[in-house]
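Note sheet for the following structure.
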Amino acid sequence: MGIRIRKRREESGLSQAQLAEKADISAQHVSNVENARSKVGLEKLVAIANVLDSSVDELVCGSIKRGRTVYNSEIAELLEDFSDMEIKMLPDILRHMKYFYKSVRDSLEDEKNV
């Protein structure tokens, strides 16, 4: 979560001190949260999310099961850098990845049952 907060803060052009002031927390606490040295309560997390013009689920998605919406926006962001040729190749790549993932998963389940 701290990495995502730092990324959004930097994208917003804010220093830790500026984020801290706007979210009504100490700069040291922002640093500790970004570096995973301390946790942040829900009330302060909401304040941070509001300052960063972000949603709480976007900031904590590394800690909780991510919603499809968060993945979709991350994928859309990645696709912006793809060339036309890379975009054309993606469906085949994704089909192969899905097949490979299913094969590995099935193989691991078979080993458990032996």
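The chains in the structure tokens are called A, B, ... from first to last as shown; in each chain the residues are counted from 1, and the ligands are counted from 1 in the order shown.
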inquiry  = From a backbone DSSP assignment, name each residue in segment 76-114 of chain A labelled alpha helix (DSSP H), as an MDAnalysis selection string.
reply    = chainID A and resid 76:79 84:112
task = Would you kindly return, as a VMD selection string, each protein, DNA or RNA residue with an atom no farther than 10 Å from any atom of segment 44-60 of chain A, considering only C-alpha atoms and excluding same-chain residues fewer than 3 positions away?
result = chain A and resid 1 to 14 18 to 25 30 39 to 41 63 to 67 69 to 71 73 to 74
Straight-line distance linking atom CA of Glu43 of chain A with atom CA of Ser15 of chain A, stated in Å to one decimal =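 It comes out at 20.6 Å.
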